[in-house]
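Chemist: Below is the file work-v4.txt, which contains compact mmCIF, C-alpha atoms.
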# COMPACT_ATOMS: atom_id res chain seq x y z
CA MET A 1 78.32 -46.77 43.33
CA LEU A 2 75.37 -47.45 45.59
CA ILE A 3 72.85 -50.21 44.93
CA GLY A 4 70.31 -47.77 43.44
CA GLU A 5 72.82 -46.60 40.85
CA LEU A 6 73.79 -50.18 39.96
CA SER A 7 70.11 -51.03 39.64
CA ARG A 8 69.50 -48.06 37.36
CA ARG A 9 72.51 -48.86 35.16
CA THR A 10 71.71 -52.56 34.80
CA GLY A 11 67.91 -52.60 34.92
CA VAL A 12 68.08 -55.17 37.74
CA SER A 13 66.11 -54.50 40.91
CA PRO A 14 67.97 -53.84 44.16
CA ARG A 15 66.28 -56.93 45.58
CA LEU A 16 67.82 -59.12 42.86
CA LEU A 17 71.20 -57.44 43.31
CA ARG A 18 71.09 -58.32 47.02
CA TYR A 19 70.13 -61.89 46.07
CA TYR A 20 73.11 -62.10 43.67
CA GLU A 21 75.32 -60.96 46.53
CA GLU A 22 73.84 -63.58 48.88
CA GLN A 23 74.51 -66.25 46.25
CA GLY A 24 78.16 -65.20 45.96
CA LEU A 25 77.75 -63.89 42.40
CA LEU A 26 78.30 -60.22 43.14
CA GLN A 27 80.46 -58.50 45.70
CA ALA A 28 79.93 -55.24 47.49
CA GLU A 29 81.89 -53.41 50.10
CA ARG A 30 80.19 -51.72 53.01
CA GLY A 31 80.70 -48.03 53.61
CA PRO A 32 80.99 -46.57 57.12
CA ASN A 33 77.24 -45.95 56.97
CA GLY A 34 76.59 -49.64 56.21
CA TYR A 35 75.48 -49.01 52.63
CA ARG A 36 76.60 -51.38 49.92
CA ARG A 37 79.13 -49.91 47.52
CA TYR A 38 79.81 -51.56 44.18
CA GLY A 39 82.75 -51.05 41.87
CA GLU A 40 82.43 -50.08 38.21
CA ASP A 41 83.11 -53.70 37.22
CA SER A 42 79.84 -54.69 38.91
CA VAL A 43 77.86 -53.43 35.91
CA LEU A 44 79.59 -55.94 33.63
CA THR A 45 79.28 -58.67 36.27
CA VAL A 46 75.52 -58.16 36.52
CA ARG A 47 75.20 -58.26 32.72
CA LYS A 48 77.11 -61.56 32.64
CA ILE A 49 74.91 -62.98 35.41
CA ARG A 50 71.76 -62.03 33.48
CA VAL A 51 73.00 -63.67 30.27
CA LEU A 52 73.96 -66.84 32.13
CA LEU A 53 70.61 -66.94 33.93
CA ASP A 54 68.82 -66.47 30.61
CA ALA A 55 70.79 -69.48 29.33
CA GLY A 56 69.14 -71.50 32.09
CA LEU A 57 72.10 -71.89 34.42
CA SER A 58 71.51 -72.00 38.16
CA SER A 59 73.20 -69.54 40.50
CA GLU A 60 75.37 -72.43 41.73
CA VAL A 61 76.67 -73.11 38.22
CA ILE A 62 77.03 -69.40 37.50
CA ARG A 63 79.16 -69.03 40.62
CA GLN A 64 81.52 -71.63 39.14
CA VAL A 65 81.69 -70.26 35.59
CA LEU A 66 81.57 -66.52 36.31
CA PRO A 67 85.30 -66.22 37.10
CA CYS A 68 86.02 -67.68 33.65
CA THR A 69 83.91 -65.20 31.69
CA ARG A 70 84.89 -62.07 29.87
CA SER A 71 82.61 -59.56 28.11
CA ASP A 72 78.87 -59.40 28.61
CA GLN A 73 78.10 -62.02 25.96
CA PRO A 74 79.83 -63.79 27.82
CA ASP A 75 82.86 -65.32 26.20
CA PHE A 76 84.76 -67.90 28.20
CA ASP A 77 88.37 -68.37 29.16
CA TRP A 78 88.19 -72.14 29.24
CA CYS A 79 89.16 -72.60 32.88
CA ALA A 80 89.58 -76.09 34.25
CA ASP A 81 86.40 -78.16 34.22
CA ILE A 82 84.19 -75.45 32.67
CA ARG A 83 83.60 -77.43 29.48
CA ASP A 84 82.69 -80.53 31.52
CA LEU A 85 80.36 -78.50 33.70
CA LEU A 86 78.57 -76.98 30.70
CA ASP A 87 78.39 -80.40 29.00
CA ARG A 88 76.64 -81.74 32.12
CA GLU A 89 74.23 -78.81 32.05
CA ILE A 90 73.40 -79.56 28.40
CA ALA A 91 72.82 -83.23 29.23
CA ALA A 92 70.48 -82.22 32.05
CA LEU A 93 68.61 -79.87 29.71
CA ASP A 94 68.31 -82.64 27.12
CA ALA A 95 66.80 -84.93 29.76
CA ARG A 96 64.31 -82.23 30.79
CA ILE A 97 63.37 -81.61 27.15
CA GLU A 98 62.75 -85.34 26.64
CA GLY A 99 60.55 -85.40 29.74
CA LEU A 100 58.61 -82.36 28.59
CA GLN A 101 58.14 -83.94 25.16
CA ARG A 102 56.69 -87.05 26.84
CA ASN A 103 54.33 -84.83 28.87
CA HIS A 104 53.33 -82.97 25.71
CA ASP A 105 52.65 -86.20 23.84
CA ALA A 106 50.60 -87.60 26.73
CA LEU A 107 48.43 -84.48 26.92
CA ASN A 108 47.91 -84.54 23.15
CA GLY A 109 46.90 -88.19 23.50
CA PHE A 110 44.28 -87.24 26.11
CA LEU A 111 42.89 -84.57 23.80
CA ALA A 112 42.80 -86.97 20.84
CA ARG A 113 40.63 -89.39 22.89
CA ARG A 114 38.05 -86.83 23.98
CA SER A 115 34.42 -87.73 23.37
CA PRO A 116 33.17 -87.10 19.80
CA ASP A 117 30.24 -84.91 20.91
CA GLU A 118 32.58 -82.18 22.24
Show me, as structure tokens, the structure contained in the file I just sent.

Modeler:
Amino acid sequence: MLIGELSRRTGVSPRLLRYYEEQGLLQAERGPNGYRRYGEDSVLTVRKIRVLLDAGLSSEVIRQVLPCTRSDQPDFDWCADIRDLLDREIAALDARIEGLQRNHDALNGFLARRSPDE
């Protein structure tokens, strides 16, 4: 299928589909006319990419875990190092959450100290 058809079937813009290809997440063949042609499996691949992006994973991490996914949920075949990789991602998220909580608390502290005549 051409990029327009893949876009229509997945709800993902052609621009994003080209970006996924540039990032090594999606593969297309080139026809004699130079147009990208995607296989039927590309629909499922794009759905997996979207779910993994929504989970907060970077394209670099997705590139590593995508070969170990099945279904559009996705479920994982626990390939080597995938659990460790996802554990590291969770630890990084936890650190970001802690930092955001500190920012939140600091801003609330500023608001609590505002002048009484406001």

Chemist: Taking (75.4, -65.9, 46.5) in the file's own coordinates, collect the residues within 12 Å, counting all atoms listed in the file, and hand them back as a PyMOL selection string.

Modeler: chain A and resi 16-28+49+58-64+66

Chemist: Please provide the set of residues having any atom within 9 Å of Gly4 (chain A), restricted to all atoms listed in the file, with same-chain residues fewer than 3 positions apart removed, written as a ChimeraX atom specification.

Modeler: /A:1,7-9,13-14

Chemist: Enclose the full set of atoms of region 43-58 of chain A listed in the file within a box whose edges lie along x, y and z, apply 8 Å of padding to each of the six sides, and report centre and edge lengths in Å to one decimal as AutoDock Vina command-line options.

Modeler:
--center_x 74.2 --center_y -62.7 --center_z 33.7 --size_x 26.8 --size_y 34.6 --size_z 24.8

Chemist: Enter the distance from CA of Thr69 (chain A) to CA of Lys48 (chain A), in Å, rounded to one decimal.

Modeler: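 CA of Lys48 (chain A) lies 7.8 Å from CA of Thr69 (chain A).
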
Chemist: I'd like the interatomic distance between CA of Glu98 (chain A) and CA of Leu53 (chain A), to a tenth of an Å.

Modeler: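 Rounded to one decimal, the two atoms are 21.3 Å apart.
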
Chemist: For CA of Asp84 (chain A) and CA of Ser42 (chain A), determine how far apart the two atoms are, in Å to one decimal place.

Modeler: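 So the two atoms, CA of Asp84 (chain A) and CA of Ser42 (chain A), lie 27.0 Å apart.
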
Chemist: What's the 7 Å shell around region 37-41 of chain A, counting only C-alpha atoms, without same-chain residues fewer than 4 positions away, as a list in words?

Modeler: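 Final neighbour list, sorted by chain and number: Met1, Leu2, Ile3, Ala28, Glu29, Arg30, Gly31 and Thr45 of chain A.
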
Chemist: So that I can check the surroundings of Trp78 (chain A), please list as a short mmCIF file (atom, residue, chain, number, x, y, z; two decimals) with C-alpha atoms, keeping the file's coordinate frame every protein, DNA and RNA residue that reaches within 12 Å of it, counting only C-alpha atoms and ignoring chain neighbours fewer than 2 positions away.

Modeler:
data_model
loop_
_atom_site.label_atom_id
_atom_site.label_comp_id
_atom_site.auth_asym_id
_atom_site.auth_seq_id
_atom_site.Cartn_x
_atom_site.Cartn_y
_atom_site.Cartn_z
CA GLN A 64 81.52 -71.63 39.14
CA VAL A 65 81.69 -70.26 35.59
CA LEU A 66 81.57 -66.52 36.31
CA PRO A 67 85.30 -66.22 37.10
CA CYS A 68 86.02 -67.68 33.65
CA THR A 69 83.91 -65.20 31.69
CA ARG A 70 84.89 -62.07 29.87
CA PRO A 74 79.83 -63.79 27.82
CA ASP A 75 82.86 -65.32 26.20
CA PHE A 76 84.76 -67.90 28.20
CA ALA A 80 89.58 -76.09 34.25
CA ASP A 81 86.40 -78.16 34.22
CA ILE A 82 84.19 -75.45 32.67
CA ARG A 83 83.60 -77.43 29.48
CA ASP A 84 82.69 -80.53 31.52
CA LEU A 85 80.36 -78.50 33.70
CA LEU A 86 78.57 -76.98 30.70
#

Chemist: If you keep N, CA and C atoms, can you output region 53-86 of chain A as a CSV table (one decimal), in the first residue's frame?

Modeler:
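Result file selection.csv:
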chain,number,residue,atom,x,y,z
A,53,LEU,N,4.8,4.7,22.0
A,53,LEU,CA,5.0,6.2,22.2
A,53,LEU,C,4.1,6.7,23.3
A,54,ASP,N,2.8,6.3,23.3
A,54,ASP,CA,1.9,6.7,24.3
A,54,ASP,C,2.3,6.3,25.7
A,55,ALA,N,3.1,5.2,25.8
A,55,ALA,CA,3.7,4.7,27.1
A,55,ALA,C,4.9,5.6,27.5
A,56,GLY,N,5.3,6.5,26.6
A,56,GLY,CA,6.4,7.4,27.0
A,56,GLY,C,7.8,6.9,26.5
A,57,LEU,N,7.8,5.9,25.7
A,57,LEU,CA,9.1,5.4,25.2
A,57,LEU,C,9.6,6.2,24.1
A,58,SER,N,10.9,6.4,24.0
A,58,SER,CA,11.5,7.2,22.9
A,58,SER,C,11.6,6.3,21.7
A,59,SER,N,11.8,6.9,20.5
A,59,SER,CA,11.9,6.1,19.3
A,59,SER,C,13.2,5.2,19.4
A,60,GLU,N,14.2,5.6,20.1
A,60,GLU,CA,15.4,4.7,20.3
A,60,GLU,C,15.0,3.5,21.0
A,61,VAL,N,14.3,3.6,22.1
A,61,VAL,CA,13.9,2.4,22.9
A,61,VAL,C,12.9,1.6,22.1
A,62,ILE,N,12.0,2.2,21.4
A,62,ILE,CA,11.0,1.5,20.6
A,62,ILE,C,11.7,0.7,19.6
A,63,ARG,N,12.7,1.2,18.9
A,63,ARG,CA,13.5,0.5,17.9
A,63,ARG,C,14.0,-0.8,18.5
A,64,GLN,N,14.4,-0.8,19.8
A,64,GLN,CA,14.9,-2.0,20.5
A,64,GLN,C,13.9,-3.0,20.9
A,65,VAL,N,12.7,-2.5,21.3
A,65,VAL,CA,11.7,-3.4,21.8
A,65,VAL,C,10.7,-3.9,20.7
A,66,LEU,N,10.6,-3.1,19.6
A,66,LEU,CA,9.6,-3.4,18.6
A,66,LEU,C,9.7,-4.9,18.0
A,67,PRO,N,10.9,-5.3,17.8
A,67,PRO,CA,11.0,-6.7,17.3
A,67,PRO,C,10.5,-7.8,18.3
A,68,CYS,N,10.4,-7.4,19.5
A,68,CYS,CA,9.9,-8.4,20.5
A,68,CYS,C,8.5,-8.2,20.9
A,69,THR,N,7.7,-7.5,20.1
A,69,THR,CA,6.3,-7.3,20.3
A,69,THR,C,5.4,-8.1,19.4
A,70,ARG,N,4.3,-8.4,19.9
A,70,ARG,CA,3.3,-9.1,19.1
A,70,ARG,C,1.9,-8.5,19.5
A,71,SER,N,1.0,-8.4,18.7
A,71,SER,CA,-0.3,-7.7,18.8
A,71,SER,C,-0.2,-6.2,19.0
A,72,ASP,N,-1.3,-5.5,18.9
A,72,ASP,CA,-1.2,-4.1,18.9
A,72,ASP,C,-1.4,-3.6,20.3
A,73,GLN,N,-1.3,-4.4,21.4
A,73,GLN,CA,-1.5,-4.0,22.7
A,73,GLN,C,-0.2,-3.3,23.3
A,74,PRO,N,1.0,-3.5,23.0
A,74,PRO,CA,1.5,-4.8,22.5
A,74,PRO,C,1.8,-5.8,23.7
A,75,ASP,N,1.9,-7.0,23.3
A,75,ASP,CA,2.4,-8.0,24.2
A,75,ASP,C,3.8,-8.3,23.8
A,76,PHE,N,4.6,-8.8,24.8
A,76,PHE,CA,6.0,-8.9,24.5
A,76,PHE,C,6.4,-10.4,24.5
A,77,ASP,N,7.3,-10.8,23.6
A,77,ASP,CA,8.1,-12.0,23.7
A,77,ASP,C,9.3,-11.5,24.4
A,78,TRP,N,9.6,-12.0,25.5
A,78,TRP,CA,10.6,-11.4,26.4
A,78,TRP,C,12.0,-11.7,25.8
A,79,CYS,N,12.4,-11.0,24.8
A,79,CYS,CA,13.7,-11.1,24.1
A,79,CYS,C,14.8,-10.7,25.2
A,80,ALA,N,16.0,-11.0,24.9
A,80,ALA,CA,17.1,-10.7,25.7
A,80,ALA,C,17.1,-9.2,26.0
A,81,ASP,N,17.3,-8.9,27.3
A,81,ASP,CA,17.5,-7.5,27.8
A,81,ASP,C,16.3,-6.6,27.7
A,82,ILE,N,15.2,-7.1,27.2
A,82,ILE,CA,14.0,-6.2,27.1
A,82,ILE,C,13.5,-5.9,28.5
A,83,ARG,N,13.4,-6.8,29.4
A,83,ARG,CA,13.0,-6.5,30.8
A,83,ARG,C,13.9,-5.5,31.5
A,84,ASP,N,15.2,-5.7,31.3
A,84,ASP,CA,16.2,-4.7,31.9
A,84,ASP,C,16.0,-3.3,31.2
A,85,LEU,N,15.8,-3.3,30.0
A,85,LEU,CA,15.6,-2.0,29.3
A,85,LEU,C,14.3,-1.3,29.8
A,86,LEU,N,13.2,-2.0,29.9
A,86,LEU,CA,12.0,-1.4,30.4
A,86,LEU,C,12.1,-1.1,31.9
